[in-house]
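Asker: Okay, so here is target-v2.tsv, and as you'll see once you scroll down, it has TSV, C-alpha atoms and all ligand atoms.
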```tsv
chain	number	residue	atom	x	y	z
A	1	MET	CA	13.05	27.02	18.20
A	2	TYR	CA	11.83	28.28	14.79
A	3	LEU	CA	14.44	29.91	12.57
A	4	THR	CA	13.11	32.85	10.57
A	5	GLN	CA	13.81	31.41	7.10
A	6	PRO	CA	12.51	27.87	6.34
A	7	GLN	CA	15.53	27.22	4.07
A	8	ASN	CA	17.76	27.31	7.16
A	9	TYR	CA	16.35	23.93	8.11
A	10	PHE	CA	17.75	22.37	4.93
A	11	PHE	CA	21.38	23.38	5.60
A	12	SER	CA	22.00	20.06	7.34
A	13	ASP	CA	20.21	16.92	8.50
A	14	ALA	CA	20.73	18.02	12.09
A	15	ALA	CA	19.02	21.36	11.40
A	16	PHE	CA	16.08	19.57	9.76
A	17	ASP	CA	15.82	17.11	12.65
A	18	ASN	CA	15.39	20.07	15.00
A	19	LEU	CA	11.88	20.52	13.65
A	20	PHE	CA	10.80	17.25	15.24
A	21	PRO	CA	10.36	15.87	18.76
A	22	ILE	CA	13.34	14.04	20.29
A	23	HIS	CA	11.93	10.53	19.72
A	24	ILE	CA	11.60	11.31	16.00
A	25	GLN	CA	15.08	12.86	15.83
A	26	LYS	CA	16.53	9.61	17.18
A	27	LEU	CA	15.15	7.70	14.16
A	28	SER	CA	16.60	10.10	11.63
A	29	ALA	CA	20.14	8.82	11.04
A	30	ILE	CA	18.98	5.35	10.04
A	31	HIS	CA	15.41	5.74	8.86
A	32	TRP	CA	15.05	9.11	7.09
A	33	THR	CA	16.65	10.02	3.77
A	34	PRO	CA	19.61	12.43	4.10
A	35	ILE	CA	18.80	15.86	2.64
A	36	ASN	CA	21.43	15.73	-0.15
A	37	VAL	CA	20.12	12.31	-1.25
A	38	ALA	CA	16.51	13.57	-1.14
A	39	ILE	CA	17.37	16.59	-3.32
A	40	THR	CA	19.17	14.43	-5.92
A	41	ALA	CA	16.29	11.92	-6.04
A	42	ALA	CA	13.57	14.58	-6.10
A	43	ARG	CA	15.25	16.49	-8.94
A	44	PHE	CA	15.45	13.30	-11.02
A	45	LEU	CA	11.83	12.33	-10.30
A	46	THR	CA	10.53	15.79	-11.24
A	47	ARG	CA	12.54	16.17	-14.46
A	48	GLN	CA	9.31	15.80	-16.43
A	49	PRO	CA	6.15	17.92	-16.88
A	50	ASN	CA	3.41	17.71	-14.21
A	51	ALA	CA	5.55	15.58	-11.93
A	52	ARG	CA	3.54	13.82	-9.24
A	53	VAL	CA	5.72	11.81	-6.90
A	54	ILE	CA	4.73	9.20	-4.31
A	55	ASP	CA	6.98	8.19	-1.40
A	56	ILE	CA	6.06	4.64	-0.38
A	57	GLY	CA	6.55	4.63	3.37
A	58	ALA	CA	7.01	8.34	4.00
A	59	GLY	CA	7.89	8.38	7.71
A	60	VAL	CA	7.45	11.96	8.96
A	61	GLY	CA	7.76	13.19	5.37
A	62	LYS	CA	11.43	14.21	5.19
A	63	PHE	CA	11.80	13.17	1.54
A	64	CYS	CA	8.47	14.73	0.49
A	65	ILE	CA	9.01	17.98	2.39
A	66	THR	CA	12.53	18.37	0.98
A	67	GLY	CA	11.36	17.51	-2.55
A	68	SER	CA	8.53	20.01	-2.47
A	69	PHE	CA	10.87	22.70	-1.17
A	70	PHE	CA	13.57	22.21	-3.84
A	71	THR	CA	11.53	21.29	-6.95
A	72	ASN	CA	8.29	22.21	-8.72
A	73	GLY	CA	6.83	18.71	-8.40
A	74	HIS	CA	3.92	17.59	-6.24
A	75	PHE	CA	4.81	15.10	-3.48
A	76	THR	CA	2.53	12.62	-1.74
A	77	GLY	CA	3.75	10.39	1.07
A	78	ILE	CA	1.85	7.36	2.29
A	79	GLU	CA	2.70	6.18	5.80
A	80	GLN	CA	1.26	3.38	7.94
A	81	ARG	CA	2.25	4.91	11.31
A	82	LYS	CA	-0.43	7.48	12.04
A	83	ASN	CA	1.63	9.45	14.57
A	84	PHE	CA	4.37	10.04	11.95
A	85	VAL	CA	1.74	11.49	9.61
A	86	THR	CA	0.40	13.80	12.32
A	87	ILE	CA	3.90	15.06	13.17
A	88	GLY	CA	4.87	15.54	9.52
A	89	ARG	CA	1.67	17.45	8.73
A	90	LYS	CA	2.50	19.95	11.47
A	91	VAL	CA	5.82	20.77	9.77
A	92	ILE	CA	4.16	21.06	6.35
A	93	LYS	CA	1.72	23.54	7.87
A	94	GLN	CA	4.49	25.40	9.68
A	95	PHE	CA	6.35	25.90	6.38
A	96	GLY	CA	3.14	26.73	4.49
A	97	LEU	CA	4.00	24.17	1.80
A	98	ASN	CA	1.15	23.47	-0.63
A	99	LYS	CA	2.69	20.91	-3.01
A	100	VAL	CA	3.06	18.17	-0.45
A	101	GLU	CA	0.67	15.92	1.45
A	102	LEU	CA	0.99	12.97	3.81
A	103	LEU	CA	-1.61	10.20	3.67
A	104	ASP	CA	-2.30	7.93	6.59
A	105	GLY	CA	-2.51	4.25	5.54
A	106	ASN	CA	-0.90	1.23	3.98
A	107	PHE	CA	0.59	1.69	0.50
A	108	THR	CA	-1.34	-1.37	-0.70
A	109	GLU	CA	-4.52	0.73	-0.43
A	110	ILE	CA	-3.55	3.35	-2.99
A	111	ASP	CA	-3.50	3.38	-6.76
A	112	LEU	CA	0.03	4.15	-7.93
A	113	SER	CA	-1.11	4.98	-11.46
A	114	GLN	CA	-1.98	8.56	-10.41
A	115	PHE	CA	1.76	9.21	-10.01
A	116	ASN	CA	4.61	9.42	-12.53
A	117	GLY	CA	7.45	9.28	-10.03
A	118	ILE	CA	8.05	6.81	-7.20
A	119	TYR	CA	10.49	7.03	-4.29
A	120	PHE	CA	11.27	3.93	-2.26
A	121	TYR	CA	13.65	3.81	0.72
A	122	ASN	CA	13.63	0.10	1.46
A	123	SER	CA	10.50	0.53	3.57
A	124	PHE	CA	9.67	-3.14	4.09
A	125	HIS	CA	13.06	-4.07	5.58
A	126	GLU	CA	11.83	-3.92	9.19
A	127	ASN	CA	9.69	-6.99	8.46
A	128	ILE	CA	12.74	-9.18	7.98
A	129	VAL	CA	15.23	-7.57	10.36
A	130	LEU	CA	13.16	-6.84	13.46
A	131	ALA	CA	16.17	-5.21	15.17
A	132	ASP	CA	15.90	-2.45	12.53
A	133	SER	CA	12.28	-1.75	13.35
A	134	LEU	CA	11.24	1.85	14.06
A	135	ASP	CA	8.96	0.87	16.95
A	136	GLU	CA	6.43	-1.74	18.01
A	137	GLN	CA	3.35	0.00	16.58
A	138	VAL	CA	2.77	-2.17	13.51
A	139	ASP	CA	2.80	-5.89	12.75
A	140	ARG	CA	6.03	-7.11	11.16
A	141	SER	CA	6.70	-10.52	9.63
A	142	SER	CA	8.41	-12.17	6.69
A	143	GLU	CA	4.92	-12.89	5.30
A	144	LEU	CA	4.19	-9.14	5.26
A	145	TYR	CA	7.58	-8.51	3.65
A	146	ASN	CA	6.73	-10.92	0.82
A	147	LEU	CA	3.22	-9.55	0.43
A	148	TYR	CA	4.36	-5.90	0.25
A	149	THR	CA	7.26	-6.71	-2.04
A	150	GLN	CA	5.12	-8.68	-4.48
A	151	HIS	CA	2.46	-5.97	-4.45
A	152	LEU	CA	5.03	-3.28	-5.21
A	153	LEU	CA	6.71	-5.29	-7.98
A	154	THR	CA	3.32	-5.98	-9.61
A	155	GLN	CA	2.39	-2.28	-9.43
A	156	LEU	CA	5.77	-1.24	-10.85
A	157	LYS	CA	5.27	-3.51	-13.87
A	158	GLN	CA	1.85	-1.96	-14.52
A	159	MET	CA	3.06	1.67	-14.50
A	160	PRO	CA	3.19	3.53	-17.83
A	161	VAL	CA	6.38	3.78	-19.86
A	162	GLY	CA	8.37	6.82	-18.72
A	163	THR	CA	7.59	6.34	-15.03
A	164	ARG	CA	10.57	7.43	-12.95
A	165	LEU	CA	11.72	5.48	-9.92
A	166	ALA	CA	14.32	6.30	-7.27
A	167	THR	CA	15.44	3.56	-4.88
A	168	TYR	CA	17.63	4.06	-1.81
A	169	TRP	CA	19.26	1.17	0.08
A	170	LEU	CA	17.23	-1.27	-1.96
A	171	SER	CA	17.07	-4.82	-0.64
A	172	ILE	CA	14.50	-6.06	-3.11
A	173	THR	CA	16.79	-8.13	-5.28
A	174	GLU	CA	15.22	-7.22	-8.58
A	175	ILE	CA	13.55	-4.18	-10.00
A	176	PRO	CA	11.52	-5.40	-13.01
A	177	ALA	CA	13.59	-5.58	-16.20
A	178	CYS	CA	11.28	-3.02	-17.85
A	179	TYR	CA	13.05	-0.38	-15.70
A	180	LYS	CA	16.47	0.80	-16.87
A	181	MET	CA	18.87	2.27	-14.33
A	182	TYR	CA	20.15	5.62	-15.67
A	183	GLU	CA	22.21	6.92	-12.77
A	184	SER	CA	23.50	5.86	-9.40
A	185	HIS	CA	24.88	8.06	-6.63
A	186	TYR	CA	26.13	7.96	-3.05
A	187	SER	CA	28.22	4.77	-3.40
A	188	ASN	CA	25.49	3.13	-5.48
A	189	LEU	CA	22.93	3.42	-2.68
A	190	LEU	CA	20.67	5.77	-4.64
A	191	LYS	CA	19.58	4.34	-7.99
A	192	LEU	CA	17.56	6.26	-10.54
A	193	TRP	CA	15.43	4.32	-13.02
A	194	ILE	CA	13.02	4.96	-15.91
A	195	LYS	CA	10.44	2.46	-17.19
A	196	GLU	CA	11.30	1.68	-20.81
A	197	TYR	CA	8.53	-0.74	-21.88
A	201	LIG	C1	13.04	3.79	6.01
A	201	LIG	S1	11.59	4.74	6.49
A	201	LIG	C2	11.66	5.94	5.18
A	201	LIG	C3	10.97	7.24	5.45
A	201	LIG	C4	10.95	8.26	4.33
A	201	LIG	N1	10.65	7.65	3.05
A	201	LIG	C5	12.26	8.99	4.22
A	201	LIG	O1	13.02	8.68	3.30
A	201	LIG	O2	12.56	9.87	5.04
A	201	LIG	C6	10.28	3.63	5.97
A	201	LIG	C7	8.88	4.01	6.39
A	201	LIG	O3	7.97	3.16	5.66
A	201	LIG	C8	6.84	2.90	6.46
A	201	LIG	N2	6.17	1.70	5.92
A	201	LIG	C9	6.65	0.44	5.91
A	201	LIG	N3	5.77	-0.40	5.30
A	201	LIG	C10	4.72	0.37	4.92
A	201	LIG	C11	3.50	0.08	4.25
A	201	LIG	N4	3.19	-1.18	3.87
A	201	LIG	N5	2.63	1.09	3.99
A	201	LIG	C12	2.93	2.37	4.42
A	201	LIG	N6	4.07	2.69	5.06
A	201	LIG	C13	4.97	1.71	5.32
A	201	LIG	C14	7.42	2.73	7.85
A	201	LIG	O4	6.43	2.92	8.85
A	201	LIG	C15	8.53	3.80	7.86
A	201	LIG	O5	8.06	5.01	8.40
```
Would you kindly transcribe this structure into structure tokens?

Answerer:
Amino acid sequence: MYLTQPQNYFFSDAAFDNLFPIHIQKLSAIHWTPINVAITAARFLTRQPNARVIDIGAGVGKFCITGSFFTNGHFTGIEQRKNFVTIGRKVIKQFGLNKVELLDGNFTEIDLSQFNGIYFYNSFHENIVLADSLDEQVDRSSELYNLYTQHLLTQLKQMPVGTRLATYWLSITEIPACYKMYESHYSNLLKLWIKEY
């Protein structure tokens, strides 16, 4: 079913989920950012000129699609599961959105310095709690968890002052001290940071 107005799909998470096949809908409650959280995070990340936001571990692009619909920023999602990228791209095309793209690959392959906003929904967690895994498509291990976490923390430290960061359900114990948390929402699950030095 395709409702006439794209905004109808953002009335609720259930309405948004309807855009996707059943096996993707089943992942939504645990693995995709709720729409109200995505809007709050996207508005914070794009509260600066020429906002270019990266979602590290984009899934089918729920955060990026929502962000590009509700803000003027440009959203890029990088996702290691190719089938998620294919499915998300279909929805982007269906909506005719031109400020959002989904890249197929591992986040370690891209240069974060081309972005001034970063969204991170605890994407590496499935490496340490296998029961929380989305599926069996990718390798998961505590070694990969450590590798990805260290890579991200190193990249975060190298970002320019003023970089905005939104974290949701963060399990990485420490965001580098050069980031100051300015706001938190949704029972402290969503944290909004700016790099100060
Ligand atoms: C919790 S889901 C979040 C999805 C999306 N950010 C959202 O909020 O709707 C995490 C996603 O990160 C992806 N992921 C995990 N590690 C990754 C990596 N190293 N590179 C790219 N994607 C990764 C997983 O495949 C999964 O789709």

Asker: Residues contacting ligand LIG 201 (chain A) - anything with an atom at most 8 Å away, using all atoms listed in the file - can you give me those as a PyMOL selection string?

Answerer: chain A and resi 28+30-34+38+55-64+77-81+84+104-108+119-126+134+138+148

Asker: Please measure the separation of atom CA of Gly117 of chain A and atom CA of Arg164 of chain A, giving the value in Å to one decimal.

Answerer: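 For atom CA of Gly117 of chain A relative to atom CA of Arg164 of chain A, the distance reads 4.7 Å.
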
Asker: Can you work out the spacing between atom CA of Asn8 of chain A and atom CA of Tyr168 of chain A in Å, to one decimal?

Answerer: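 Taking atom CA of Asn8 of chain A and atom CA of Tyr168 of chain A, their separation equals 24.9 Å.
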
Asker: Which polymer residues have any atom within 10 Å of an atom of Arg47 of chain A, counting only C-alpha atoms, with same-chain residues fewer than 3 positions away left out, as a list in words?

Answerer: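 Close residues of Arg47 of chain A: Ala42, Arg43, Phe44, Asn50, Ala51, Thr71, Asn72, Gly73, Gly117 and Arg164 of chain A.
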
Asker: Just give me the gap between atom CA of Gln25 of chain A and atom CA of Phe10 of chain A in Å, one decimal is fine.

Answerer: 14.7 Å

Asker: Tell me, as a short mmCIF file (atom, residue, chain, number, x, y, z; two decimals) with C-alpha atoms, in the coordinates of the input, which residues lie within 7 Å of segment 175-184 of chain A, counting all atoms listed in the file; anything in the same chain fewer than 6 positions away does not count.

Answerer:
```
data_model
loop_
_atom_site.label_atom_id
_atom_site.label_comp_id
_atom_site.auth_asym_id
_atom_site.auth_seq_id
_atom_site.Cartn_x
_atom_site.Cartn_y
_atom_site.Cartn_z
CA LEU A 153 6.71 -5.29 -7.98
CA LYS A 157 5.27 -3.51 -13.87
CA LEU A 190 20.67 5.77 -4.64
CA LYS A 191 19.58 4.34 -7.99
CA LEU A 192 17.56 6.26 -10.54
CA TRP A 193 15.43 4.32 -13.02
CA ILE A 194 13.02 4.96 -15.91
CA LYS A 195 10.44 2.46 -17.19
CA GLU A 196 11.30 1.68 -20.81
CA TYR A 197 8.53 -0.74 -21.88
#
```

Asker: How big is the axis-aligned box, and where does its centre sit, when it encloses all atoms of segment 104-117 of chain A listed in the file and has 3 Å added on every side, reported in Å to one decimal as AutoDock Vina command-line options?

Answerer:
```
--center_x 1.5 --center_y 4.0 --center_z -3.0 --size_x 18.0 --size_y 16.8 --size_z 25.1
```

Asker: With distances taken over all atoms listed in the file, which residue among A:Leu102, A:Ile110, A:Ile128, A:Ile54 lies nearest Asn146 of chain A?

Answerer: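 When distances to Asn146 of chain A are compared using all atoms listed in the file, the smallest one comes from A:Ile128.
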
Asker: Residues near Pro21 of chain A, anyone? I mean within 12 Å using all atoms listed in the file, not counting same-chain ones fewer than 6 positions away, as JSON, numbers by chain.

Answerer: {"A": [1, 27, 28, 60, 83, 84, 87, 88, 90, 91]}

Asker: Check the smallest atom-to-atom distance from each of A:Pro49, A:Gly162, A:Thr167, A:Leu19 to Arg89 of chain A using only C-alpha atoms, then report the winner.

Answerer: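 Of A:Pro49, A:Gly162, A:Thr167, A:Leu19, the one nearest Arg89 of chain A is A:Leu19, counting only C-alpha atoms.
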
Asker: For a quick check of understanding, using all atoms listed in the file, which of A:Asn116, A:Asn18, A:Gln158, A:Asn98 has the smallest distance to Val53 of chain A?

Answerer: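 Closest candidate: A:Asn116.
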
Asker: I'd like to know which of A:Gln114, A:Gln94, A:Asn127, A:Thr149 is closest to Thr163 of chain A, using all atoms listed in the file.

Answerer: A:Gln114

Asker: Return the single residue from A:Thr40, A:Ser187, A:Gln7, A:Ser113 that is closest to Met159 of chain A, with distances computed using all atoms listed in the file.

Answerer: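 Among A:Thr40, A:Ser187, A:Gln7, A:Ser113, it is A:Ser113 that comes nearest to Met159 of chain A.
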
Asker: Can you fill out segment 151-164 of chain A with N, CA and C atoms and hand it back as a CSV table (one decimal), keeping the file's coordinate frame?

Answerer:
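Everything below was put into result.csv:
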```csv
chain,number,residue,atom,x,y,z
A,151,HIS,N,3.4,-7.0,-4.1
A,151,HIS,CA,2.5,-6.0,-4.4
A,151,HIS,C,3.2,-4.8,-5.2
A,152,LEU,N,4.3,-4.4,-4.6
A,152,LEU,CA,5.0,-3.3,-5.2
A,152,LEU,C,5.6,-3.7,-6.6
A,153,LEU,N,6.1,-4.9,-6.7
A,153,LEU,CA,6.7,-5.3,-8.0
A,153,LEU,C,5.6,-5.4,-9.0
A,154,THR,N,4.4,-5.9,-8.7
A,154,THR,CA,3.3,-6.0,-9.6
A,154,THR,C,2.9,-4.6,-10.1
A,155,GLN,N,2.8,-3.7,-9.1
A,155,GLN,CA,2.4,-2.3,-9.4
A,155,GLN,C,3.4,-1.6,-10.3
A,156,LEU,N,4.7,-1.9,-10.0
A,156,LEU,CA,5.8,-1.2,-10.8
A,156,LEU,C,5.7,-1.7,-12.3
A,157,LYS,N,5.4,-3.0,-12.5
A,157,LYS,CA,5.3,-3.5,-13.9
A,157,LYS,C,4.1,-2.9,-14.6
A,158,GLN,N,3.1,-2.5,-13.9
A,158,GLN,CA,1.8,-2.0,-14.5
A,158,GLN,C,1.9,-0.5,-14.8
A,159,MET,N,3.0,0.2,-14.3
A,159,MET,CA,3.1,1.7,-14.5
A,159,MET,C,3.3,2.0,-16.0
A,160,PRO,N,2.9,3.2,-16.4
A,160,PRO,CA,3.2,3.5,-17.8
A,160,PRO,C,4.7,3.7,-18.1
A,161,VAL,N,5.0,3.5,-19.4
A,161,VAL,CA,6.4,3.8,-19.9
A,161,VAL,C,6.7,5.2,-19.5
A,162,GLY,N,7.9,5.5,-19.1
A,162,GLY,CA,8.4,6.8,-18.7
A,162,GLY,C,8.3,7.1,-17.2
A,163,THR,N,7.6,6.2,-16.5
A,163,THR,CA,7.6,6.3,-15.0
A,163,THR,C,9.0,6.4,-14.5
A,164,ARG,N,9.2,7.3,-13.6
A,164,ARG,CA,10.6,7.4,-13.0
A,164,ARG,C,10.5,6.8,-11.6
```
